[in-house]
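**Student:** mmCIF, C-alpha atoms (C1' of nucleotides), file my_file01.cif:
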data_query
#
loop_
_atom_site.label_atom_id
_atom_site.label_comp_id
_atom_site.auth_asym_id
_atom_site.auth_seq_id
_atom_site.Cartn_x
_atom_site.Cartn_y
_atom_site.Cartn_z
CA MET A 299 37.11 27.71 9.67
CA ALA A 300 36.16 24.98 12.01
CA VAL A 301 34.10 26.98 14.48
CA LYS A 302 31.24 28.09 12.29
CA GLY A 303 31.02 24.72 10.62
CA ASP A 304 30.92 22.90 13.91
CA GLU A 305 28.16 25.17 15.14
CA THR A 306 26.01 24.44 12.12
CA ARG A 307 26.70 20.77 12.51
CA ALA A 308 25.74 20.87 16.18
CA ARG A 309 22.55 22.77 15.45
CA LEU A 310 21.57 20.16 12.88
CA ILE A 311 22.10 17.35 15.36
CA GLU A 312 20.19 19.20 18.05
CA ALA A 313 17.25 19.87 15.75
CA ALA A 314 17.20 16.28 14.54
CA ARG A 315 17.35 15.01 18.10
CA THR A 316 14.32 17.00 19.19
CA LEU A 317 12.23 16.29 16.11
CA VAL A 318 13.05 12.59 16.00
CA GLU A 319 12.15 12.16 19.65
CA ALA A 320 8.81 13.87 19.04
CA LYS A 321 7.77 12.30 15.74
CA GLY A 322 10.06 9.42 14.99
CA TYR A 323 12.34 8.67 12.07
CA HIS A 324 9.83 8.66 9.24
CA GLY A 325 7.83 11.50 10.73
CA THR A 326 10.80 13.84 10.68
CA GLY A 327 11.56 15.46 7.36
CA LEU A 328 14.92 16.94 6.51
CA ASN A 329 13.22 20.16 5.45
CA GLU A 330 11.90 20.59 8.95
CA VAL A 331 15.27 19.78 10.48
CA LEU A 332 16.89 22.39 8.25
CA ALA A 333 14.24 24.98 9.10
CA VAL A 334 14.62 24.43 12.85
CA ALA A 335 18.38 24.47 12.64
CA GLY A 336 18.34 27.47 10.34
CA ALA A 337 20.75 25.78 8.00
CA PRO A 338 20.73 25.45 4.23
CA ARG A 339 20.48 22.20 2.39
CA GLY A 340 24.06 22.12 1.25
CA SER A 341 25.39 22.18 4.78
CA LEU A 342 23.53 19.04 5.69
CA TYR A 343 25.12 16.91 3.01
CA HIS A 344 28.48 18.48 3.64
CA HIS A 345 28.47 17.59 7.32
CA PHE A 346 26.55 14.34 6.93
CA PRO A 347 27.49 12.79 3.61
CA GLY A 348 25.70 9.65 4.75
CA GLY A 349 22.40 11.51 4.54
CA LYS A 350 19.46 11.16 6.84
CA ASP A 351 20.61 7.90 8.41
CA GLN A 352 23.93 9.39 9.46
CA LEU A 353 22.26 12.50 10.88
CA VAL A 354 19.75 10.45 12.86
CA SER A 355 22.49 8.09 14.03
CA GLU A 356 24.46 10.94 15.51
CA ALA A 357 21.32 12.50 16.95
CA LEU A 358 20.49 9.23 18.70
CA ALA A 359 24.00 8.94 20.05
CA ALA A 360 23.80 12.50 21.37
CA ALA A 361 20.46 11.78 22.98
CA GLY A 362 21.92 8.71 24.62
CA ARG A 363 24.72 10.77 26.08
CA GLU A 364 22.21 13.35 27.29
CA VAL A 365 20.45 10.69 29.35
CA ASP A 366 23.80 9.48 30.64
CA GLY A 367 24.43 13.03 31.79
CA ILE A 368 21.13 13.22 33.64
CA VAL A 369 21.93 9.96 35.37
CA VAL A 370 25.39 11.09 36.38
CA GLU A 371 23.97 14.29 37.80
CA LEU A 372 21.26 12.51 39.76
CA ALA A 373 23.72 9.90 41.00
CA GLU A 374 25.59 12.56 42.94
CA THR A 375 22.76 12.95 45.42
CA ALA A 376 20.97 9.59 45.25
CA PRO A 377 21.84 7.36 48.21
CA SER A 378 21.11 4.12 46.39
CA SER A 379 20.43 2.74 42.94
CA ARG A 380 16.79 2.42 43.97
CA GLU A 381 16.57 6.12 44.74
CA LEU A 382 18.48 6.89 41.57
CA VAL A 383 15.93 5.07 39.44
CA LYS A 384 13.07 6.85 41.16
CA ALA A 385 14.74 10.21 40.65
CA LEU A 386 15.38 9.37 37.03
CA LEU A 387 11.73 8.49 36.45
CA ALA A 388 10.65 11.74 38.07
CA ALA A 389 13.09 13.70 35.92
CA LEU A 390 11.92 11.94 32.75
CA ALA A 391 8.29 12.62 33.66
CA ASP A 392 9.02 16.30 34.24
CA ARG A 393 10.83 16.50 30.95
CA MET A 394 7.97 14.78 29.14
CA VAL A 395 5.21 16.95 30.60
CA ALA A 396 7.19 20.15 30.09
CA ALA A 397 7.54 19.32 26.41
CA GLY A 398 3.82 18.66 25.97
CA TYR A 399 4.50 14.92 25.61
CA ALA A 400 6.84 15.54 22.70
CA LYS A 401 9.64 13.99 24.71
CA GLY A 402 9.90 10.54 26.22
CA CYS A 403 12.64 8.07 25.46
CA PRO A 404 14.65 9.58 22.60
CA VAL A 405 15.51 6.13 21.26
CA ALA A 406 12.34 4.10 21.62
CA THR A 407 10.33 5.48 18.72
CA VAL A 408 13.13 5.01 16.22
CA ALA A 409 14.00 1.62 17.67
CA LEU A 410 10.48 0.36 17.03
CA GLU A 411 10.28 1.94 13.58
CA VAL A 412 13.51 0.48 12.28
CA ALA A 413 13.73 -2.82 14.17
CA ALA A 414 12.96 -4.89 11.11
CA THR A 415 13.62 -2.52 8.24
CA ASN A 416 16.80 -0.47 8.67
CA ASP A 417 19.97 -2.43 9.23
CA ALA A 418 22.03 0.73 9.71
CA LEU A 419 20.02 2.28 12.54
CA GLN A 420 18.78 -0.82 14.36
CA PRO A 421 22.16 -1.80 15.89
CA ILE A 422 22.70 1.78 17.01
CA CYS A 423 19.49 1.72 18.99
CA GLY A 424 20.40 -1.68 20.37
CA ASP A 425 23.83 -0.46 21.45
CA ILE A 426 22.40 2.52 23.32
CA TYR A 427 20.06 0.30 25.27
CA ALA A 428 22.86 -2.18 25.92
CA GLY A 429 24.99 0.64 27.32
CA TRP A 430 22.23 1.80 29.63
CA GLN A 431 21.60 -1.73 30.81
CA ARG A 432 25.31 -2.24 31.52
CA ALA A 433 25.54 0.98 33.53
CA LEU A 434 22.43 0.02 35.45
CA ALA A 435 23.79 -3.43 36.22
CA ASP A 436 27.04 -1.92 37.47
CA ALA A 437 25.14 0.42 39.76
CA LEU A 438 23.08 -2.45 41.10
CA ARG A 439 26.17 -4.56 41.77
CA ALA A 440 27.86 -1.63 43.50
CA ASP A 441 24.75 -1.40 45.61
CA GLY A 442 25.04 -4.92 46.89
CA HIS A 443 22.77 -6.80 44.53
CA ASP A 444 23.73 -10.32 43.61
CA ALA A 445 26.22 -10.12 40.78
CA ALA A 446 24.64 -12.98 38.88
CA GLU A 447 21.23 -11.39 39.05
CA ALA A 448 22.29 -7.82 38.30
CA ASP A 449 22.07 -8.17 34.54
CA GLU A 450 18.60 -9.63 34.63
CA LEU A 451 17.46 -7.06 37.15
CA ALA A 452 18.89 -4.24 35.07
CA ALA A 453 16.99 -5.43 32.02
CA THR A 454 13.81 -5.52 34.07
CA VAL A 455 14.28 -2.03 35.46
CA LEU A 456 15.10 -0.67 32.03
CA ALA A 457 12.01 -2.35 30.61
CA LEU A 458 9.89 -0.81 33.36
CA ILE A 459 11.25 2.65 32.60
CA GLU A 460 10.72 2.30 28.86
CA GLY A 461 7.26 0.86 29.27
CA ALA A 462 6.22 3.54 31.72
CA LEU A 463 7.28 6.19 29.22
CA VAL A 464 5.27 4.52 26.47
CA LEU A 465 2.13 4.36 28.61
CA ALA A 466 2.59 7.90 29.84
CA ARG A 467 2.92 9.33 26.35
CA ALA A 468 0.05 7.23 25.02
CA GLY A 469 -2.24 8.54 27.74
CA ARG A 470 -0.75 12.00 27.99
CA SER A 471 -0.41 11.55 31.71
CA ARG A 472 2.46 11.08 34.12
CA THR A 473 0.41 8.72 36.25
CA PRO A 474 1.84 5.50 34.78
CA ILE A 475 5.34 6.71 35.57
CA GLU A 476 4.41 7.46 39.15
CA GLN A 477 2.66 4.13 39.56
CA THR A 478 5.62 2.26 38.16
CA SER A 479 8.02 4.24 40.30
CA ARG A 480 6.28 3.16 43.49
CA ARG A 481 6.41 -0.48 42.46
CA ILE A 482 10.06 -0.38 41.52
CA ALA A 483 10.89 0.04 45.17
CA LYS A 484 9.41 -3.39 45.77
CA LEU A 485 11.54 -4.83 43.00
CA LEU A 486 14.81 -3.27 44.11
CA GLY A 487 15.58 -4.18 47.65
CA THR A 488 13.58 -4.81 50.70
CA ASP A 489 13.40 -1.61 52.69
CA MET B 251 -22.29 -7.72 -3.11
CA ALA B 252 -22.12 -6.30 0.31
CA VAL B 253 -19.92 -9.33 0.81
CA LYS B 254 -17.25 -8.36 -1.68
CA GLY B 255 -17.04 -4.87 -0.23
CA ASP B 256 -16.62 -6.13 3.27
CA GLU B 257 -13.82 -8.43 2.15
CA THR B 258 -11.93 -5.58 0.55
CA ARG B 259 -12.42 -3.49 3.64
CA ALA B 260 -11.15 -6.27 5.85
CA ARG B 261 -8.11 -6.84 3.65
CA LEU B 262 -7.25 -3.13 3.85
CA ILE B 263 -7.45 -3.18 7.64
CA GLU B 264 -5.38 -6.34 7.83
CA ALA B 265 -2.68 -4.91 5.55
CA ALA B 266 -2.59 -1.64 7.47
CA ARG B 267 -2.38 -3.48 10.77
CA THR B 268 0.66 -5.49 9.71
CA LEU B 269 2.49 -2.63 8.05
CA VAL B 270 1.82 -0.14 10.83
CA GLU B 271 3.06 -2.56 13.46
CA ALA B 272 6.25 -3.08 11.49
CA LYS B 273 7.05 0.47 10.43
CA GLY B 274 4.81 2.86 12.30
CA TYR B 275 2.32 5.44 11.14
CA HIS B 276 4.58 7.67 9.08
CA GLY B 277 6.59 4.77 7.77
CA THR B 278 3.54 3.13 6.24
CA GLY B 279 2.47 4.55 2.90
CA LEU B 280 -1.02 4.09 1.53
CA ASN B 281 0.44 2.84 -1.73
CA GLU B 282 2.03 -0.03 0.11
CA VAL B 283 -1.16 -0.79 2.01
CA LEU B 284 -3.06 -0.88 -1.27
CA ALA B 285 -0.46 -3.12 -2.89
CA VAL B 286 -0.49 -5.62 -0.02
CA ALA B 287 -4.28 -5.62 0.16
CA GLY B 288 -4.57 -5.86 -3.61
CA ALA B 289 -7.10 -3.08 -3.65
CA PRO B 290 -7.38 0.02 -5.83
CA ARG B 291 -7.18 3.51 -4.47
CA GLY B 292 -10.85 4.24 -4.95
CA SER B 293 -11.88 1.45 -2.62
CA LEU B 294 -9.81 2.88 0.19
CA TYR B 295 -11.52 6.23 0.18
CA HIS B 296 -14.90 4.61 -0.29
CA HIS B 297 -14.53 2.45 2.82
CA PHE B 298 -12.50 4.97 4.79
CA PRO B 299 -13.64 8.47 3.87
CA GLY B 300 -11.64 9.74 6.81
CA GLY B 301 -8.46 8.79 4.97
CA LYS B 302 -5.31 7.41 6.50
CA ASP B 303 -6.20 8.36 10.06
CA GLN B 304 -9.47 6.44 9.93
CA LEU B 305 -7.80 3.40 8.38
CA VAL B 306 -5.06 3.36 11.00
CA SER B 307 -7.59 3.93 13.77
CA GLU B 308 -9.54 0.86 12.77
CA ALA B 309 -6.35 -1.13 12.26
CA LEU B 310 -5.22 -0.26 15.79
CA ALA B 311 -8.60 -1.23 17.22
CA ALA B 312 -8.43 -4.56 15.39
CA ALA B 313 -4.92 -5.15 16.69
CA GLY B 314 -6.10 -4.41 20.20
CA ARG B 315 -8.84 -6.99 19.88
CA GLU B 316 -6.33 -9.50 18.52
CA VAL B 317 -4.28 -9.22 21.69
CA ASP B 318 -7.45 -9.52 23.76
CA GLY B 319 -8.11 -12.76 21.92
CA ILE B 320 -4.65 -14.11 22.67
CA VAL B 321 -5.14 -13.30 26.34
CA VAL B 322 -8.55 -14.96 26.49
CA GLU B 323 -7.13 -18.07 24.89
CA LEU B 324 -4.16 -18.24 27.26
CA ALA B 325 -6.37 -17.54 30.27
CA GLU B 326 -8.16 -20.85 29.75
CA THR B 327 -5.13 -22.84 30.81
CA ALA B 328 -3.21 -20.41 33.06
CA PRO B 329 -3.66 -21.22 36.73
CA SER B 330 -3.00 -17.66 37.91
CA SER B 331 -2.63 -14.13 36.61
CA ARG B 332 1.10 -14.47 37.15
CA GLU B 333 1.26 -17.52 34.92
CA LEU B 334 -0.99 -15.77 32.44
CA VAL B 335 1.41 -12.86 32.11
CA LYS B 336 4.35 -15.20 31.66
CA ALA B 337 2.48 -17.12 28.98
CA LEU B 338 1.56 -13.88 27.27
CA LEU B 339 5.17 -12.72 27.24
CA ALA B 340 6.25 -16.03 25.74
CA ALA B 341 3.53 -15.80 23.09
CA LEU B 342 4.49 -12.23 22.22
CA ALA B 343 8.14 -13.22 21.97
CA ASP B 344 7.31 -16.11 19.65
CA ARG B 345 5.19 -13.83 17.51
CA MET B 346 7.95 -11.23 17.36
CA VAL B 347 10.74 -13.64 16.42
CA ALA B 348 8.59 -15.45 13.88
CA ALA B 349 7.95 -12.16 12.12
CA GLY B 350 11.64 -11.23 12.00
CA TYR B 351 11.09 -8.53 14.61
CA ALA B 352 8.46 -6.85 12.45
CA LYS B 353 5.92 -7.45 15.19
CA GLY B 354 5.96 -6.31 18.80
CA CYS B 355 3.26 -4.24 20.39
CA PRO B 356 0.94 -3.18 17.56
CA VAL B 357 0.10 0.07 19.33
CA ALA B 358 3.37 1.28 20.82
CA THR B 359 5.06 2.64 17.70
CA VAL B 360 2.06 4.70 16.68
CA ALA B 361 1.46 5.82 20.25
CA LEU B 362 4.96 7.27 20.44
CA GLU B 363 4.79 8.83 16.99
CA VAL B 364 1.51 10.63 17.52
CA ALA B 365 1.57 11.38 21.26
CA ALA B 366 2.17 15.09 20.74
CA THR B 367 1.16 15.63 17.13
CA ASN B 368 -2.04 13.83 16.15
CA ASP B 369 -5.07 14.58 18.28
CA ALA B 370 -7.21 12.06 16.42
CA LEU B 371 -5.02 9.00 16.93
CA GLN B 372 -3.51 9.72 20.33
CA PRO B 373 -6.69 9.10 22.37
CA ILE B 374 -7.28 5.86 20.47
CA CYS B 375 -3.88 4.54 21.53
CA GLY B 376 -4.54 5.71 25.06
CA ASP B 377 -7.90 3.96 25.16
CA ILE B 378 -6.45 0.64 24.01
CA TYR B 379 -3.84 0.73 26.76
CA ALA B 380 -6.48 1.77 29.30
CA GLY B 381 -8.59 -1.22 28.30
CA TRP B 382 -5.67 -3.62 28.68
CA GLN B 383 -4.80 -2.16 32.05
CA ARG B 384 -8.40 -2.50 33.25
CA ALA B 385 -8.56 -6.14 32.18
CA LEU B 386 -5.26 -6.82 33.88
CA ALA B 387 -6.38 -5.16 37.09
CA ASP B 388 -9.57 -7.24 37.08
CA ALA B 389 -7.56 -10.41 36.66
CA LEU B 390 -5.27 -9.43 39.51
CA ARG B 391 -8.18 -8.68 41.81
CA ALA B 392 -9.84 -11.97 40.91
CA ASP B 393 -6.55 -13.57 41.82
CA GLY B 394 -6.59 -12.21 45.33
CA HIS B 395 -4.47 -9.12 44.98
CA ASP B 396 -5.37 -6.15 47.11
CA ALA B 397 -8.09 -4.23 45.32
CA ALA B 398 -6.53 -0.86 46.05
CA GLU B 399 -3.20 -1.93 44.65
CA ALA B 400 -4.51 -3.77 41.61
CA ASP B 401 -4.61 -0.70 39.38
CA GLU B 402 -1.07 0.32 40.19
CA LEU B 403 0.14 -3.22 39.82
CA ALA B 404 -1.60 -3.57 36.47
CA ALA B 405 0.05 -0.40 35.19
CA THR B 406 3.42 -1.73 36.29
CA VAL B 407 2.95 -5.11 34.66
CA LEU B 408 1.75 -3.48 31.46
CA ALA B 409 4.78 -1.18 31.50
CA LEU B 410 7.03 -4.17 31.99
CA ILE B 411 5.51 -5.96 29.00
CA GLU B 412 5.72 -2.90 26.77
CA GLY B 413 9.26 -2.13 27.82
CA ALA B 414 10.39 -5.69 27.32
CA LEU B 415 9.00 -5.60 23.78
CA VAL B 416 10.84 -2.35 23.06
CA LEU B 417 14.15 -3.73 24.31
CA ALA B 418 13.66 -7.00 22.48
CA ARG B 419 12.96 -5.36 19.15
CA ALA B 420 15.77 -2.85 19.60
CA GLY B 421 18.25 -5.64 20.20
CA ARG B 422 16.65 -8.17 17.89
CA SER B 423 16.68 -10.69 20.69
CA ARG B 424 14.08 -12.33 22.86
CA THR B 425 16.42 -12.28 25.84
CA PRO B 426 14.97 -9.12 27.44
CA ILE B 427 11.52 -10.67 27.37
CA GLU B 428 12.78 -13.83 29.04
CA GLN B 429 14.70 -11.86 31.65
CA THR B 430 11.74 -9.73 32.60
CA SER B 431 9.47 -12.74 32.59
CA ARG B 432 11.57 -14.37 35.28
CA ARG B 433 11.45 -11.22 37.38
CA ILE B 434 7.69 -10.93 37.26
CA ALA B 435 7.37 -13.39 40.10
CA LYS B 436 8.92 -10.82 42.43
CA LEU B 437 6.41 -8.27 41.27
CA LEU B 438 3.34 -10.47 41.38
CA GLY B 439 3.08 -12.39 44.59
CA THR B 440 5.52 -14.30 46.64
CA ASP B 441 5.66 -17.88 45.53
"C1'" DC C 575 45.11 31.44 -3.76
"C1'" DA C 576 43.07 26.99 -1.61
"C1'" DG C 577 40.19 24.63 0.95
"C1'" DA C 578 36.21 24.51 3.72
"C1'" DT C 579 31.52 25.83 4.26
"C1'" DT C 580 27.30 27.92 2.88
"C1'" DA C 581 23.59 28.92 -0.20
"C1'" DT C 582 20.30 27.69 -3.61
"C1'" DG C 583 18.17 25.19 -7.31
"C1'" DT C 584 16.53 21.14 -8.96
"C1'" DA C 585 15.82 16.11 -10.01
"C1'" DG C 586 13.06 12.12 -9.44
"C1'" DA C 587 10.28 9.60 -6.58
"C1'" DT C 588 6.56 9.15 -3.45
"C1'" DC C 589 3.28 11.09 -0.40
"C1'" DG C 590 -1.97 11.54 0.91
"C1'" DG C 591 -6.04 12.83 -1.25
"C1'" DT C 592 -9.62 13.75 -4.97
"C1'" DC C 593 -12.07 12.95 -9.14
"C1'" DT C 594 -14.62 10.63 -12.76
"C1'" DA C 595 -15.94 6.58 -15.15
"C1'" DG C 596 -17.58 2.03 -15.22
"C1'" DA C 597 -18.56 -2.73 -13.50
"C1'" DG C 598 -21.96 -5.50 -11.41
"C1'" DA C 599 -25.55 -7.03 -8.28
"C1'" DG C 600 -30.44 -6.57 -6.52
"C1'" DG C 601 -35.19 -4.82 -7.05
"C1'" DA C 602 -39.16 -2.70 -9.55
"C1'" DA C 603 -42.08 -2.35 -13.47
"C1'" DC C 604 -44.56 -4.31 -16.90
"C1'" DG D 1096 -38.99 -13.22 -17.70
"C1'" DT D 1097 -36.90 -9.44 -19.39
"C1'" DT D 1098 -35.71 -4.76 -19.21
"C1'" DC D 1099 -34.10 -0.95 -16.83
"C1'" DC D 1100 -32.93 1.70 -12.92
"C1'" DT D 1101 -30.26 2.45 -8.80
"C1'" DC D 1102 -26.82 2.07 -5.70
"C1'" DT D 1103 -22.53 0.08 -4.01
"C1'" DC D 1104 -18.07 -0.65 -4.98
"C1'" DT D 1105 -13.98 -0.89 -7.98
"C1'" DA D 1106 -10.62 1.00 -11.08
"C1'" DG D 1107 -7.14 4.03 -12.13
"C1'" DA D 1108 -5.69 8.58 -13.68
"C1'" DC D 1109 -4.34 12.76 -11.67
"C1'" DC D 1110 -3.16 16.72 -8.37
"C1'" DG D 1111 -0.25 19.55 -5.51
"C1'" DA D 1112 2.81 18.91 -1.86
"C1'" DT D 1113 6.70 16.90 0.17
"C1'" DC D 1114 10.37 13.74 0.40
"C1'" DT D 1115 15.67 12.60 0.07
"C1'" DA D 1116 19.45 13.42 -2.48
"C1'" DC D 1117 22.58 15.73 -5.50
"C1'" DA D 1118 24.84 19.58 -8.34
"C1'" DT D 1119 26.71 23.91 -8.80
"C1'" DA D 1120 27.97 28.42 -7.56
"C1'" DA D 1121 28.96 31.87 -4.10
"C1'" DT D 1122 31.18 33.00 0.19
"C1'" DC D 1123 34.22 32.89 3.93
"C1'" DT D 1124 38.64 31.87 6.32
"C1'" DG D 1125 43.46 31.07 6.93
#
Could you write out this structure as structure tokens?

**Tutor:**
Amino acid sequence: MAVKGDETRARLIEAARTLVEAKGYHGTGLNEVLAVAGAPRGSLYHHFPGGKDQLVSEALAAAGREVDGIVVELAETAPSSRELVKALLAALADRMVAAGYAKGCPVATVALEVAATNDALQPICGDIYAGWQRALADALRADGHDAAEADELAATVLALIEGALVLARAGRSRTPIEQTSRRIAKLLGTD
Amino acid sequence: MAVKGDETRARLIEAARTLVEAKGYHGTGLNEVLAVAGAPRGSLYHHFPGGKDQLVSEALAAAGREVDGIVVELAETAPSSRELVKALLAALADRMVAAGYAKGCPVATVALEVAATNDALQPICGDIYAGWQRALADALRADGHDAAEADELAATVLALIEGALVLARAGRSRTPIEQTSRRIAKLLGTD
DNA sequence: CAGATTATGTAGATCGGTCTAGAGAGGAAC
DNA sequence: GTTCCTCTCTAGACCGATCTACATAATCTG
């Protein structure tokens, strides 16, 4: 039956997503994923014949979509892309603190770990970031920013967000995120 | 013979520094460190009785000082803190590409891996970032920036650098670094 | 019954860490 | 000057735990 199998599969992805965000690719063992998901070993290799890399790939993709969802939700009330970015930073900071600094950017840790060593996972991380940057550039263009500059500006804003999350987790403090958030206003528009 | 011991110790730190920057804390095995350093297992636990955590701690500290050195060197010719940051970004990009994207920020990967799980290493990562931020704030103040804003501005610039390195490694491209470098002018002063 | 999924068990490698033995360079004693 | 002692450091075997991956059997569903 498809239902039960899909549930197990979803639980495995969810567990992998959480653990990988907290401890990275190498820091997350399949035993721990299985324990958190409450699934037996056999199920893992049935649903993910590609092994750990396939599981982590799908977990990263799911995490990317989760952030997309947060953005979409925030976009409904944000009056401008500038306010959207500030709201996103606040939401990411809340999420990070609530998790005891076990959450930050769900892609960054793996991206750094595998950049030079895992040709299967590296492009996946790159694609997620590219998607975020594209969406950000679209929002900036829709907001009146110069079309030619939107791409560059989107990369800068994305870098600021990622960097702020790194500093915040390293120092176990949301201060860097708040500091960066205030400065982003100066970068995005003149009001 | 104190000399020979110090050499072995230094080789172990150097090997750990390189491997940890490339693959992170969990991704770096002591066997590999020993192989690269050409040292036997006994030497490791003689010089680092605290085990892996002590070795990585000292490797991170050494990496932090290496970046300090790069900054000091660049500062001799940079006419302003803004130009210094741009030169630093270019140097980091060169270093990253030359290493086949095995180098980026030597602290970031570990900082993300251990933020919520290793109480011995987390404060060390935090301290290194705090030191960089302090130096940056001093440079900004010396450059005429408002003293009250210097701290916040330093955090933002540091976040921008860290984020640019994450995006660059994730996409195996120096483009994000170049894009953010061009945008730094808008963040740092008005010329 | 057939096919999909779960449930274990286990293989083989590698992990971090510990232990003991020995190599080799000063310094002290005579 | 030679012997011997001591202390630092190297060398490598070894331990239990854990890792990813696979194999096989039991179970469930349509």

**Student:** Select from chain A every residue with an atom at most 9 Å from any atom of chain D, then for each give the shortest pair of atoms and their distance in Å to one decimal, using only C-alpha atoms (C1' of nucleotides), rows by chain and rising number, as CSV.

**Tutor:**
residue,atom,partner,partner_atom,distance
A:Met299,CA,D:DT1124,C1',5.6
A:Gly327,CA,D:DC1114,C1',7.3
A:Leu328,CA,D:DT1115,C1',7.8
A:Asn329,CA,D:DC1114,C1',8.7
A:Tyr343,CA,D:DA1116,C1',8.6
A:Gly349,CA,D:DA1116,C1',7.9
A:Lys350,CA,D:DT1115,C1',7.9

**Student:** Write out the residues from the selection above, keeping C-alpha atoms, as a PDB file, in the coordinates of the input.

**Tutor:**
ATOM      1  CA  MET A 299      37.110  27.710   9.670  1.00  0.00           C
ATOM      2  CA  GLY A 327      11.560  15.460   7.360  1.00  0.00           C
ATOM      3  CA  LEU A 328      14.920  16.940   6.510  1.00  0.00           C
ATOM      4  CA  ASN A 329      13.220  20.160   5.450  1.00  0.00           C
ATOM      5  CA  TYR A 343      25.120  16.910   3.010  1.00  0.00           C
ATOM      6  CA  GLY A 349      22.400  11.510   4.540  1.00  0.00           C
ATOM      7  CA  LYS A 350      19.460  11.160   6.840  1.00  0.00           C
TER       8      LYS A 350
END

**Student:** List as a ChimeraX atom specification the protein and nucleic acid residues near range 380-382 of chain B, meaning an atom at most 10 Å away when all atoms listed in the file are counted, but skip any in the same chain fewer than 2 places from it.

**Tutor:** /A:465,468-469 /B:314-315,317-318,321,374-378,384-388,404-405,408

**Student:** Write out as JSON lines a residue-level contact list of chain B versus chain A with cut-off 8 Å: for each qualifying residue the closest pair of atoms and the distance in Å to one decimal, counting all atoms listed in the file, rows sorted by chain and residue number upward.

**Tutor:**
{"residue": "B:Ala272", "atom": "CA", "partner": "A:Glu411", "partner_atom": "CA", "distance": 6.8}
{"residue": "B:Lys273", "atom": "CA", "partner": "A:Glu411", "partner_atom": "CA", "distance": 4.7}
{"residue": "B:Gly274", "atom": "CA", "partner": "A:Glu411", "partner_atom": "CA", "distance": 5.7}
{"residue": "B:His276", "atom": "CA", "partner": "A:Gly325", "partner_atom": "CA", "distance": 5.3}
{"residue": "B:Gly277", "atom": "CA", "partner": "A:His324", "partner_atom": "CA", "distance": 5.3}
{"residue": "B:Gly350", "atom": "CA", "partner": "A:Ala414", "partner_atom": "CA", "distance": 6.5}
{"residue": "B:Tyr351", "atom": "CA", "partner": "A:Ala414", "partner_atom": "CA", "distance": 5.4}
{"residue": "B:Ala352", "atom": "CA", "partner": "A:Ala414", "partner_atom": "CA", "distance": 5.1}
{"residue": "B:Ala358", "atom": "CA", "partner": "A:Val464", "partner_atom": "CA", "distance": 6.8}
{"residue": "B:Thr359", "atom": "CA", "partner": "A:Leu410", "partner_atom": "CA", "distance": 5.9}
{"residue": "B:Ala361", "atom": "CA", "partner": "A:Ala468", "partner_atom": "CA", "distance": 5.2}
{"residue": "B:Leu362", "atom": "CA", "partner": "A:Thr407", "partner_atom": "CA", "distance": 5.9}
{"residue": "B:Glu363", "atom": "CA", "partner": "A:Lys321", "partner_atom": "CA", "distance": 4.7}
{"residue": "B:Val364", "atom": "CA", "partner": "A:Lys321", "partner_atom": "CA", "distance": 6.7}
{"residue": "B:Ala365", "atom": "CA", "partner": "A:Arg467", "partner_atom": "CA", "distance": 5.7}
{"residue": "B:Ala366", "atom": "CA", "partner": "A:Ala400", "partner_atom": "CA", "distance": 5.1}
{"residue": "B:Thr367", "atom": "CA", "partner": "A:Lys321", "partner_atom": "CA", "distance": 7.5}
{"residue": "B:Gln372", "atom": "CA", "partner": "A:Ala468", "partner_atom": "CA", "distance": 6.4}
{"residue": "B:Pro373", "atom": "CA", "partner": "A:Gly469", "partner_atom": "CA", "distance": 7.0}
{"residue": "B:Cys375", "atom": "CA", "partner": "A:Ala468", "partner_atom": "CA", "distance": 5.9}
{"residue": "B:Gly376", "atom": "CA", "partner": "A:Gly469", "partner_atom": "CA", "distance": 4.5}
{"residue": "B:Asp377", "atom": "CA", "partner": "A:Gly469", "partner_atom": "CA", "distance": 7.7}
{"residue": "B:Tyr379", "atom": "CA", "partner": "A:Leu465", "partner_atom": "CA", "distance": 7.2}
{"residue": "B:Glu402", "atom": "CA", "partner": "A:Gln477", "partner_atom": "CA", "distance": 5.4}
{"residue": "B:Leu403", "atom": "CA", "partner": "A:Arg481", "partner_atom": "CA", "distance": 7.3}
{"residue": "B:Ala405", "atom": "CA", "partner": "A:Pro474", "partner_atom": "CA", "distance": 6.2}
{"residue": "B:Thr406", "atom": "CA", "partner": "A:Thr478", "partner_atom": "CA", "distance": 4.9}
{"residue": "B:Leu408", "atom": "CA", "partner": "A:Gly461", "partner_atom": "CA", "distance": 7.3}
{"residue": "B:Ala409", "atom": "CA", "partner": "A:Gly461", "partner_atom": "CA", "distance": 3.9}
{"residue": "B:Leu410", "atom": "CA", "partner": "A:Leu458", "partner_atom": "CA", "distance": 4.6}
{"residue": "B:Ile411", "atom": "CA", "partner": "A:Gly461", "partner_atom": "CA", "distance": 7.0}
{"residue": "B:Glu412", "atom": "CA", "partner": "A:Gly461", "partner_atom": "CA", "distance": 4.8}
{"residue": "B:Gly413", "atom": "CA", "partner": "A:Gly461", "partner_atom": "CA", "distance": 3.9}
{"residue": "B:Ala414", "atom": "CA", "partner": "A:Ala457", "partner_atom": "CA", "distance": 5.0}
{"residue": "B:Val416", "atom": "CA", "partner": "A:Leu410", "partner_atom": "CA", "distance": 6.6}
{"residue": "B:Leu417", "atom": "CA", "partner": "A:Ala457", "partner_atom": "CA", "distance": 6.8}
{"residue": "B:Arg419", "atom": "CA", "partner": "A:Ala413", "partner_atom": "CA", "distance": 5.6}
{"residue": "B:Ala420", "atom": "CA", "partner": "A:Gly424", "partner_atom": "CA", "distance": 4.8}
{"residue": "B:Gly421", "atom": "CA", "partner": "A:Gly424", "partner_atom": "CA", "distance": 4.5}
{"residue": "B:Arg422", "atom": "CA", "partner": "A:Ala413", "partner_atom": "CA", "distance": 7.1}
{"residue": "B:Pro426", "atom": "CA", "partner": "A:Ala453", "partner_atom": "CA", "distance": 6.2}
{"residue": "B:Gln429", "atom": "CA", "partner": "A:Glu450", "partner_atom": "CA", "distance": 5.4}
{"residue": "B:Thr430", "atom": "CA", "partner": "A:Thr454", "partner_atom": "CA", "distance": 4.9}
{"residue": "B:Arg433", "atom": "CA", "partner": "A:Thr454", "partner_atom": "CA", "distance": 7.0}
{"residue": "B:Lys436", "atom": "CA", "partner": "A:Leu485", "partner_atom": "CA", "distance": 6.6}
{"residue": "B:Leu437", "atom": "CA", "partner": "A:Leu485", "partner_atom": "CA", "distance": 6.4}
